[in-house]
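Dumped my_file_38.cif below, it's mmCIF, C-alpha atoms:
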```cif
data_work
#
loop_
_atom_site.label_atom_id
_atom_site.label_comp_id
_atom_site.auth_asym_id
_atom_site.auth_seq_id
_atom_site.Cartn_x
_atom_site.Cartn_y
_atom_site.Cartn_z
CA MET A 1 -29.46 -13.84 -67.37
CA ALA A 2 -26.44 -15.24 -65.68
CA ARG A 3 -27.19 -13.67 -62.38
CA ARG A 4 -25.73 -15.77 -59.70
CA GLU A 5 -26.54 -15.39 -56.09
CA THR A 6 -23.64 -13.92 -54.12
CA PRO A 7 -22.19 -16.60 -51.91
CA GLU A 8 -22.32 -15.96 -48.20
CA ILE A 9 -19.08 -14.87 -46.57
CA ASN A 10 -17.62 -17.64 -44.56
CA ALA A 11 -17.63 -16.49 -40.96
CA GLY A 12 -16.07 -19.64 -39.63
CA SER A 13 -12.69 -18.04 -39.06
CA MET A 14 -14.15 -15.06 -37.23
CA ALA A 15 -13.75 -16.86 -33.94
CA ASP A 16 -10.09 -17.50 -34.70
CA ILE A 17 -9.42 -13.84 -35.36
CA ALA A 18 -11.24 -12.83 -32.21
CA PHE A 19 -9.32 -15.42 -30.22
CA LEU A 20 -6.06 -14.06 -31.51
CA LEU A 21 -6.97 -10.55 -30.39
CA LEU A 22 -8.26 -11.88 -27.11
CA ILE A 23 -5.01 -13.66 -26.36
CA PHE A 24 -3.05 -10.53 -27.21
CA PHE A 25 -5.01 -8.46 -24.70
CA LEU A 26 -4.91 -11.24 -22.14
CA VAL A 27 -1.15 -11.22 -22.29
CA THR A 28 -0.72 -7.45 -22.20
CA THR A 29 -3.21 -6.87 -19.39
CA THR A 30 -1.66 -6.04 -16.08
CA MET A 31 -4.33 -5.98 -13.47
CA ASP A 32 -2.34 -4.19 -10.86
CA VAL A 33 -4.46 -2.18 -8.56
CA ASP A 34 -2.10 0.30 -7.07
CA SER A 35 -1.97 -0.42 -3.40
CA GLY A 36 0.53 0.28 -0.73
CA ILE A 37 1.30 1.04 2.86
CA SER A 38 0.30 4.63 3.32
CA LYS A 39 2.46 6.85 5.42
CA LYS A 40 2.23 10.47 6.37
CA LEU A 41 5.55 12.21 6.52
CA SER A 42 6.13 14.64 9.30
CA GLU A 43 6.39 18.27 8.37
CA LYS A 44 9.79 19.81 8.22
CA PRO A 45 10.54 21.26 11.64
CA PRO A 46 11.55 24.92 11.80
CA ALA A 47 15.22 25.64 12.40
CA ASP A 48 14.77 26.64 16.03
CA TYR A 49 12.56 23.67 16.87
CA VAL A 50 13.23 22.07 20.21
CA PRO A 51 11.95 18.51 20.31
CA PRO A 52 9.73 17.82 23.29
CA ILE A 53 11.08 15.66 26.03
CA ILE A 54 9.53 12.23 25.86
CA LYS A 55 9.82 9.71 28.61
CA GLU A 56 11.85 6.66 27.77
CA LYS A 57 9.02 4.36 28.71
CA ASN A 58 6.73 5.89 26.10
CA ILE A 59 9.07 5.00 23.28
CA PHE A 60 9.09 1.57 21.71
CA GLU A 61 12.38 1.28 19.96
CA VAL A 62 12.81 -0.96 16.96
CA ASN A 63 16.22 -1.20 15.37
CA ILE A 64 16.95 -3.04 12.16
CA ASN A 65 20.57 -3.55 11.29
CA ARG A 66 22.19 -4.05 7.90
CA ASN A 67 21.88 -7.82 8.18
CA ASN A 68 18.12 -7.44 8.52
CA GLU A 69 18.18 -8.46 12.17
CA MET A 70 15.84 -6.77 14.56
CA LEU A 71 16.48 -5.34 17.97
CA VAL A 72 13.41 -4.38 19.97
CA GLU A 73 13.86 -2.46 23.21
CA GLY A 74 17.44 -3.72 23.39
CA GLU A 75 16.70 -7.36 22.73
CA THR A 76 16.77 -9.36 19.54
CA MET A 77 13.39 -10.44 18.38
CA LYS A 78 11.89 -12.45 15.56
CA LEU A 79 9.46 -10.81 13.19
CA GLU A 80 6.61 -13.04 14.34
CA GLU A 81 6.89 -11.78 17.90
CA LEU A 82 6.95 -8.11 16.98
CA LYS A 83 3.21 -7.68 16.63
CA GLU A 84 2.41 -9.01 20.09
CA ALA A 85 5.20 -6.96 21.65
CA ALA A 86 3.93 -3.81 19.94
CA LYS A 87 0.38 -4.53 21.03
CA ALA A 88 1.46 -5.04 24.61
CA PHE A 89 3.33 -1.75 24.50
CA ILE A 90 0.57 0.33 22.91
CA ASP A 91 -2.18 -1.17 24.99
CA ASN A 92 -0.35 -0.96 28.29
CA GLY A 93 -2.15 2.11 29.63
CA GLY A 94 0.01 2.54 32.71
CA GLY A 95 -0.67 6.23 33.33
CA GLU A 96 -2.41 9.39 32.24
CA GLY A 97 -3.01 10.31 28.61
CA LYS A 98 -1.62 13.43 27.03
CA VAL A 99 -3.10 16.85 27.70
CA GLU A 100 -4.68 18.29 24.59
CA ASP A 101 -5.87 21.92 24.52
CA GLY A 102 -5.83 21.96 28.29
CA VAL A 103 -8.06 18.91 28.49
CA SER A 104 -6.50 15.84 29.96
CA THR A 105 -7.51 12.57 28.34
CA GLY A 106 -7.01 10.82 31.65
CA PRO A 107 -6.11 7.18 32.10
CA CYS A 108 -6.89 4.77 29.31
CA ASP A 109 -10.18 3.14 30.23
CA TYR A 110 -10.40 0.90 27.17
CA CYS A 111 -6.90 -0.55 27.40
CA LYS A 112 -6.60 -4.17 28.36
CA GLY A 113 -2.85 -4.21 28.84
CA ALA A 114 -0.75 -5.04 31.87
CA ARG A 115 -0.79 -1.42 33.19
CA SER A 116 2.87 -1.76 33.96
CA ALA A 117 4.61 1.36 35.23
CA SER A 118 7.62 0.72 33.01
CA SER A 119 5.73 0.68 29.72
CA SER A 120 3.65 3.27 27.86
CA ASP A 121 1.23 5.57 29.67
CA HIS A 122 -1.50 5.82 27.12
CA PRO A 123 -1.97 4.83 23.45
CA ASN A 124 -1.89 8.49 22.46
CA LYS A 125 1.49 8.88 24.12
CA ALA A 126 2.99 5.65 22.88
CA ILE A 127 5.52 6.30 20.16
CA ILE A 128 7.02 3.57 18.04
CA SER A 129 10.37 4.55 16.69
CA VAL A 130 11.82 2.55 13.84
CA GLN A 131 15.46 3.03 13.17
CA SER A 132 17.05 1.22 10.30
CA ASP A 133 20.44 1.15 8.76
CA ARG A 134 21.03 2.69 5.34
CA LEU A 135 21.84 -0.76 4.04
CA THR A 136 18.80 -2.47 5.49
CA GLU A 137 16.78 -4.23 2.84
CA TYR A 138 13.62 -2.40 1.88
CA GLY A 139 11.66 -5.65 2.01
CA MET A 140 12.55 -6.11 5.66
CA TYR A 141 11.65 -2.51 6.43
CA ILE A 142 8.21 -3.00 4.88
CA LYS A 143 7.69 -6.21 6.83
CA VAL A 144 8.41 -4.42 10.08
CA GLN A 145 6.11 -1.53 9.19
CA ASN A 146 3.45 -4.02 8.25
CA GLU A 147 3.67 -5.86 11.57
CA LEU A 148 3.42 -2.60 13.47
CA LEU A 149 0.41 -1.49 11.46
CA LYS A 150 -1.16 -4.87 12.06
CA ALA A 151 -0.80 -4.35 15.79
CA TYR A 152 -2.70 -1.07 15.50
CA THR A 153 -5.35 -2.59 13.26
CA GLU A 154 -6.01 -5.40 15.70
CA LEU A 155 -6.31 -3.03 18.64
CA ARG A 156 -8.65 -0.75 16.70
CA ASN A 157 -10.74 -3.69 15.60
CA ARG A 158 -10.99 -4.93 19.16
CA LEU A 159 -12.11 -1.56 20.47
CA ALA A 160 -14.63 -1.11 17.67
CA MET A 161 -15.95 -4.62 18.32
CA ASP A 162 -16.42 -3.87 22.00
CA LYS A 163 -18.02 -0.49 21.47
CA TYR A 164 -20.06 -0.82 18.32
CA ARG A 165 -20.19 -4.58 17.66
CA VAL A 166 -18.57 -4.06 14.28
CA SER A 167 -14.95 -4.19 13.21
CA PHE A 168 -13.08 -1.00 12.49
CA GLU A 169 -12.40 -2.09 8.93
CA GLN A 170 -16.11 -2.48 8.37
CA LEU A 171 -16.72 0.87 10.02
CA GLU A 172 -14.25 2.60 7.71
CA GLU A 173 -15.74 0.85 4.71
CA ASP A 174 -19.22 2.01 5.66
CA PHE A 175 -17.98 5.53 6.17
CA LYS A 176 -16.30 5.51 2.78
CA ASN A 177 -19.63 4.64 1.18
CA ASP A 178 -21.53 7.23 3.17
CA ARG A 179 -19.41 10.31 3.71
CA THR A 180 -22.25 12.42 5.05
CA ASN A 181 -23.13 10.14 7.94
CA GLU A 182 -22.13 12.16 11.00
CA GLU A 183 -22.63 9.29 13.39
CA LEU A 184 -20.28 7.04 11.49
CA LYS A 185 -17.76 9.83 11.18
CA LYS A 186 -17.79 10.29 14.93
CA LYS A 187 -17.26 6.60 15.50
CA VAL A 188 -14.36 6.37 13.05
CA GLU A 189 -12.76 9.43 14.50
CA PHE A 190 -13.16 8.16 18.03
CA ILE A 191 -11.41 4.87 17.24
CA ARG A 192 -8.69 6.70 15.35
CA THR A 193 -7.93 9.03 18.21
CA SER A 194 -8.15 6.22 20.73
CA TYR A 195 -5.37 4.33 19.02
CA PRO A 196 -3.50 6.89 16.94
CA GLN A 197 -0.80 5.45 14.73
CA ILE A 198 2.40 7.07 15.90
CA ILE A 199 5.19 5.40 14.02
CA SER A 200 8.22 7.56 13.55
CA ASP A 201 11.11 6.79 11.29
CA ALA A 202 14.35 7.82 12.86
CA GLU A 203 17.25 8.93 10.69
CA PRO A 204 19.02 5.80 9.55
CA THR A 205 22.46 4.96 10.78
CA SER A 206 25.05 4.65 8.10
CA MET B 207 -37.52 -52.33 -27.46
CA SER B 208 -38.02 -49.80 -30.16
CA LYS B 209 -38.24 -47.05 -27.56
CA PHE B 210 -34.71 -47.70 -26.45
CA GLY B 211 -33.49 -48.01 -29.94
CA LYS B 212 -34.33 -44.37 -30.51
CA LYS B 213 -31.54 -43.25 -28.24
CA LYS B 214 -28.98 -44.45 -30.69
CA LYS B 215 -29.63 -41.35 -32.74
CA GLU B 216 -26.60 -39.41 -33.87
CA MET B 217 -25.65 -36.47 -31.69
CA PRO B 218 -26.32 -33.15 -33.38
CA ALA B 219 -23.25 -30.93 -33.76
CA VAL B 220 -23.03 -28.18 -31.14
CA ASN B 221 -23.98 -24.90 -32.65
CA THR B 222 -20.90 -22.70 -32.60
CA ALA B 223 -22.45 -19.73 -34.28
CA SER B 224 -22.46 -17.72 -31.04
CA LEU B 225 -18.85 -18.54 -30.24
CA PRO B 226 -17.49 -15.37 -31.86
CA ASP B 227 -19.95 -13.34 -29.81
CA ILE B 228 -18.71 -14.85 -26.58
CA VAL B 229 -15.11 -14.36 -27.56
CA PHE B 230 -15.76 -10.78 -28.60
CA MET B 231 -17.37 -10.09 -25.27
CA LEU B 232 -14.28 -11.35 -23.48
CA LEU B 233 -12.14 -9.40 -25.90
CA PHE B 234 -13.90 -6.13 -25.13
CA PHE B 235 -13.62 -6.78 -21.42
CA PHE B 236 -9.87 -7.13 -21.65
CA MET B 237 -9.55 -4.22 -24.04
CA VAL B 238 -11.34 -1.96 -21.60
CA THR B 239 -9.45 -3.12 -18.52
CA THR B 240 -6.02 -3.05 -20.13
CA THR B 241 -3.83 -0.21 -19.05
CA MET B 242 -0.80 0.28 -21.17
CA ARG B 243 2.20 1.48 -19.25
CA GLU B 244 2.95 5.00 -20.35
CA THR B 245 6.50 5.19 -19.11
CA ASP B 246 8.90 2.47 -19.98
CA LEU B 247 11.05 1.35 -17.14
CA LYS B 248 14.73 2.11 -17.18
CA ILE B 249 15.16 0.02 -14.09
CA GLU B 250 14.42 -3.64 -13.69
CA ASN B 251 10.78 -4.28 -12.97
CA PRO B 252 10.64 -3.87 -9.20
CA ARG B 253 9.59 -6.89 -7.19
CA LEU B 254 7.19 -5.26 -4.80
CA PRO B 255 7.10 -6.38 -1.18
CA ASN B 256 4.06 -8.18 0.17
CA ALA B 257 2.06 -6.67 2.96
CA THR B 258 -1.29 -7.23 4.59
CA GLU B 259 -2.09 -3.72 5.80
CA VAL B 260 -2.31 -2.09 2.42
CA LYS B 261 -4.63 0.67 1.34
CA LYS B 262 -5.81 1.15 -2.20
CA LEU B 263 -4.57 4.24 -3.93
CA GLU B 264 -7.47 6.35 -4.99
CA HIS B 265 -7.56 9.13 -7.56
CA LYS B 266 -4.99 7.72 -9.93
CA SER B 267 -4.49 11.04 -11.65
CA LEU B 268 -3.19 12.54 -8.42
CA VAL B 269 -0.52 9.90 -7.92
CA SER B 270 3.07 10.52 -8.94
CA THR B 271 5.20 7.44 -9.04
CA ILE B 272 8.86 7.09 -8.19
CA TYR B 273 10.58 3.86 -9.11
CA VAL B 274 13.57 2.52 -7.23
CA GLY B 275 15.63 -0.47 -8.29
CA LYS B 276 18.62 -1.70 -10.20
CA ALA B 277 19.30 -0.15 -13.58
CA LYS B 278 18.65 -2.27 -16.65
CA ASP B 279 21.62 -0.65 -18.32
CA LYS B 280 24.63 -2.22 -16.68
CA ARG B 281 26.85 0.74 -17.58
CA LEU B 282 25.05 2.85 -15.02
CA GLY B 283 26.47 0.80 -12.17
CA SER B 284 24.88 -1.73 -9.88
CA GLY B 285 23.59 0.43 -7.02
CA ASP B 286 20.00 1.51 -6.43
CA LYS B 287 18.70 3.85 -9.07
CA ILE B 288 15.78 6.21 -8.93
CA GLN B 289 13.56 6.68 -11.93
CA LEU B 290 11.41 9.76 -12.33
CA ASN B 291 9.18 9.92 -15.40
CA ASP B 292 11.40 8.12 -17.89
CA LYS B 293 14.84 9.17 -16.74
CA ILE B 294 17.23 7.83 -14.17
CA ALA B 295 17.68 10.58 -11.61
CA THR B 296 19.30 11.46 -8.33
CA PRO B 297 17.47 12.23 -5.08
CA ASP B 298 18.05 15.93 -5.73
CA ASP B 299 15.83 15.77 -8.80
CA VAL B 300 12.87 14.65 -6.71
CA THR B 301 12.11 18.24 -5.71
CA ALA B 302 11.86 19.39 -9.31
CA PHE B 303 9.82 16.33 -10.21
CA ILE B 304 7.24 17.00 -7.51
CA LEU B 305 7.02 20.71 -8.37
CA ASN B 306 6.53 19.79 -12.01
CA GLU B 307 3.77 17.32 -11.13
CA ARG B 308 2.11 19.97 -9.02
CA SER B 309 2.15 22.58 -11.74
CA GLN B 310 0.03 20.28 -13.89
CA LYS B 311 -2.71 20.04 -11.29
CA SER B 312 -5.05 22.70 -10.06
CA GLU B 313 -4.34 24.43 -6.78
CA ALA B 314 -7.21 22.73 -5.00
CA GLU B 315 -5.96 19.26 -5.84
CA VAL B 316 -2.42 19.73 -4.58
CA PRO B 317 -3.11 18.72 -0.95
CA PHE B 318 -4.54 15.41 -2.14
CA MET B 319 -1.57 14.47 -4.24
CA THR B 320 0.13 11.27 -3.23
CA THR B 321 3.58 10.04 -4.03
CA SER B 322 3.87 6.34 -4.59
CA ILE B 323 7.27 4.74 -4.20
CA LYS B 324 7.62 1.51 -6.12
CA ALA B 325 10.79 0.05 -4.79
CA ASP B 326 12.35 -3.34 -5.23
CA ILE B 327 12.51 -5.45 -2.08
CA LYS B 328 16.28 -5.68 -2.43
CA SER B 329 16.85 -1.93 -2.55
CA SER B 330 18.24 -0.29 0.55
CA VAL B 331 16.38 1.83 3.06
CA GLY B 332 18.99 4.59 2.66
CA THR B 333 17.81 5.38 -0.86
CA ILE B 334 14.21 5.49 0.28
CA THR B 335 15.17 7.78 3.15
CA ASP B 336 16.92 10.17 0.75
CA ILE B 337 13.72 10.40 -1.27
CA LYS B 338 11.61 10.83 1.84
CA LEU B 339 13.75 13.72 3.06
CA LYS B 340 13.40 15.46 -0.29
CA LEU B 341 9.65 14.89 -0.27
CA ARG B 342 9.44 16.35 3.20
CA ASP B 343 11.41 19.40 2.15
CA VAL B 344 9.07 20.07 -0.74
CA GLY B 345 6.00 19.39 1.39
CA ALA B 346 4.68 16.31 -0.39
CA LEU B 347 3.72 14.52 2.78
CA LYS B 348 1.31 11.90 1.55
CA LEU B 349 3.29 8.83 0.76
CA SER B 350 2.43 5.33 -0.27
CA LEU B 351 4.97 2.55 -0.19
CA SER B 352 3.71 0.36 -2.96
CA SER B 353 3.24 -3.26 -1.96
CA ARG B 354 1.17 -6.18 -3.01
CA LYS B 355 -1.77 -7.27 -0.97
CA SER B 356 -1.29 -10.71 0.46
CA SER B 357 -3.23 -12.53 3.11
CA GLU B 358 -0.21 -13.72 5.04
CA ILE B 359 3.41 -12.76 5.02
CA GLN B 360 5.58 -15.59 3.86
CA GLU B 361 9.11 -15.71 5.06
#
```
Reformat the file's structure so that it appears as structure tokens.
Amino acid sequence: MARRETPEINAGSMADIAFLLLIFFLVTTTMDVDSGISKKLSEKPPADYVPPIIKEKNIFEVNINRNNEMLVEGETMKLEELKEAAKAFIDNGGGEGKVEDGVSTGPCDYCKGARSASSSDHPNKAIISVQSDRLTEYGMYIKVQNELLKAYTELRNRLAMDKYRVSFEQLEEDFKNDRTNEELKKKVEFIRTSYPQIISDAEPTS
Amino acid sequence: MSKFGKKKKEMPAVNTASLPDIVFMLLFFFMVTTTMRETDLKIENPRLPNATEVKKLEHKSLVSTIYVGKAKDKRLGSGDKIQLNDKIATPDDVTAFILNERSQKSEAEVPFMTTSIKADIKSSVGTITDIKLKLRDVGALKLSLSSRKSSEIQE
């Protein structure tokens, strides 16, 4: 009988084939986790809407012109200085907070600002208004938004540190992992209402 | 000295039999994590801005994406273009786009829908504002301005 044993298949090139596939997927993989600056747009006001009168001192005006230069409260400012200026404005606490459902929030007892009479009354009254030109670069606009958000984040972190010995970011993270925890929810909500993010985008100039 | 002489033995070849297994493991990892882009871009791939205060977008199925940037096709002009699905569109089309996206989701999910704007850093704020106004009109208020997470902003 001429029965020969079947020769084993050579698996030496298996690794090469697998490598080829691997490299293909390595190249095509885009590991982009979608992330971004989240914003909540304001609802469309009804036709007969009368905007409330807001005191000049409670508005922090940021203007960006078409050459990507910034004007803050009437003075030119570099991007690096914006965060501190915004913090000083939000955290000023020079007067009474807003009256909500007939309950006054009173003066800001957690603010550590200068309590100047010419700056904002209370974090929940402090409005940051960003006005940009239609031709302003989007990159610059994002940078400004980012600096302003950073100012809020730092203030929130500071307050959370003082009150609960944990940063606000950590607090939010914990809450995300444990949605049913009422105590955490209260804490997060308290910090959020203490320093509400009020950034309004004014209609751009053209 | 014979004890030391033993060390001169020839090195055995490294066994590479498990190499394919390792490679296959890596291969499967990348196969699983790969997301193929379902819409091909009609605009140049937007260079996203860097930011530190970014939030991750959750519930990917509830995100509708609007691209803003320069058109790849030079015949369309050099200004900012808006891409919805796989067509270049005008700001007026945003309303229809959002309504269409909504009709594909159940009623309960609509309030959680987010619009993500992926805009090039060189595009102008005016275009973004046009989109924002349309989004506000249609009531899609949750917005995410897509940006890359970076630890520090470089000038």
Compute the set of chain A residues within 8 Å of chain B, using only C-alpha atoms, and express it as a PyMOL selection string.
chain A and resi 14-15+18-19+21-22+25-26+28-31+33-44+132-143+146+149-150+203-204
When the PyMOL selection byres ((chain B and resi 302) around 12) is applied to the structure above, which residues does it catch, written out as a list of chain:residue names?
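Applying the PyMOL selection byres ((chain B and resi 302) around 12) to the structure shown produces B:Leu290, B:Asn291, B:Ala295, B:Thr296, B:Pro297, B:Asp298, B:Asp299, B:Val300, B:Thr301, B:Phe303, B:Ile304, B:Leu305, B:Asn306, B:Glu307, B:Arg308, B:Ser309, B:Lys340, B:Leu341, B:Asp343, B:Val344, B:Ala346.
Between atom CA of Leu171 of chain A and atom CA of Leu184 of chain A there is a distance of 7.3 Å.
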Atom pair atom CA of Ser119 of chain A / atom CA of Asn58 of chain A: separation (Å):
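Between these atoms lies a distance of 6.4 Å.
Within the file as shown, the PyMOL selection byres ((chain A and resi 192-201) around 6) identifies Pro123, Asn124, Ile127, Ile128, Ser129, Val130, Glu189, Phe190, Ile191 and Ala202 of chain A.
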May I ask for the distance between atom CA of Ile337 of chain B and atom CA of Ala47 of chain A, given in Å to one decimal place?
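According to the coordinates, atom CA of Ile337 of chain B and atom CA of Ala47 of chain A are separated by 20.5 Å.
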List, as a ChimeraX atom specification, every residue that the PyMOL selection byres ((chain B and resi 277) around 8) selects in the file provided.
/B:248-250,275-276,278-280,282-287
Rank B:Ser356, B:Ser267, B:Asp246, B:Gln310 by their smallest atom-to-atom distance to Lys293 of chain B, using only C-alpha atoms, and report the top residue only.
B:Asp246
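The shortest atom-to-atom distance to Gly12 of chain A, with all atoms listed in the file taken into account, belongs to B:Asn221 out of B:Glu216, B:Asn251, B:Asn221, B:Ile288.
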Find the residue from A:Lys187, A:Met161, A:Gly113, A:Arg66 that sits nearest to Ala86 of chain A; use only C-alpha atoms when measuring.
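Smallest distance to Ala86 of chain A is found for A:Gly113.
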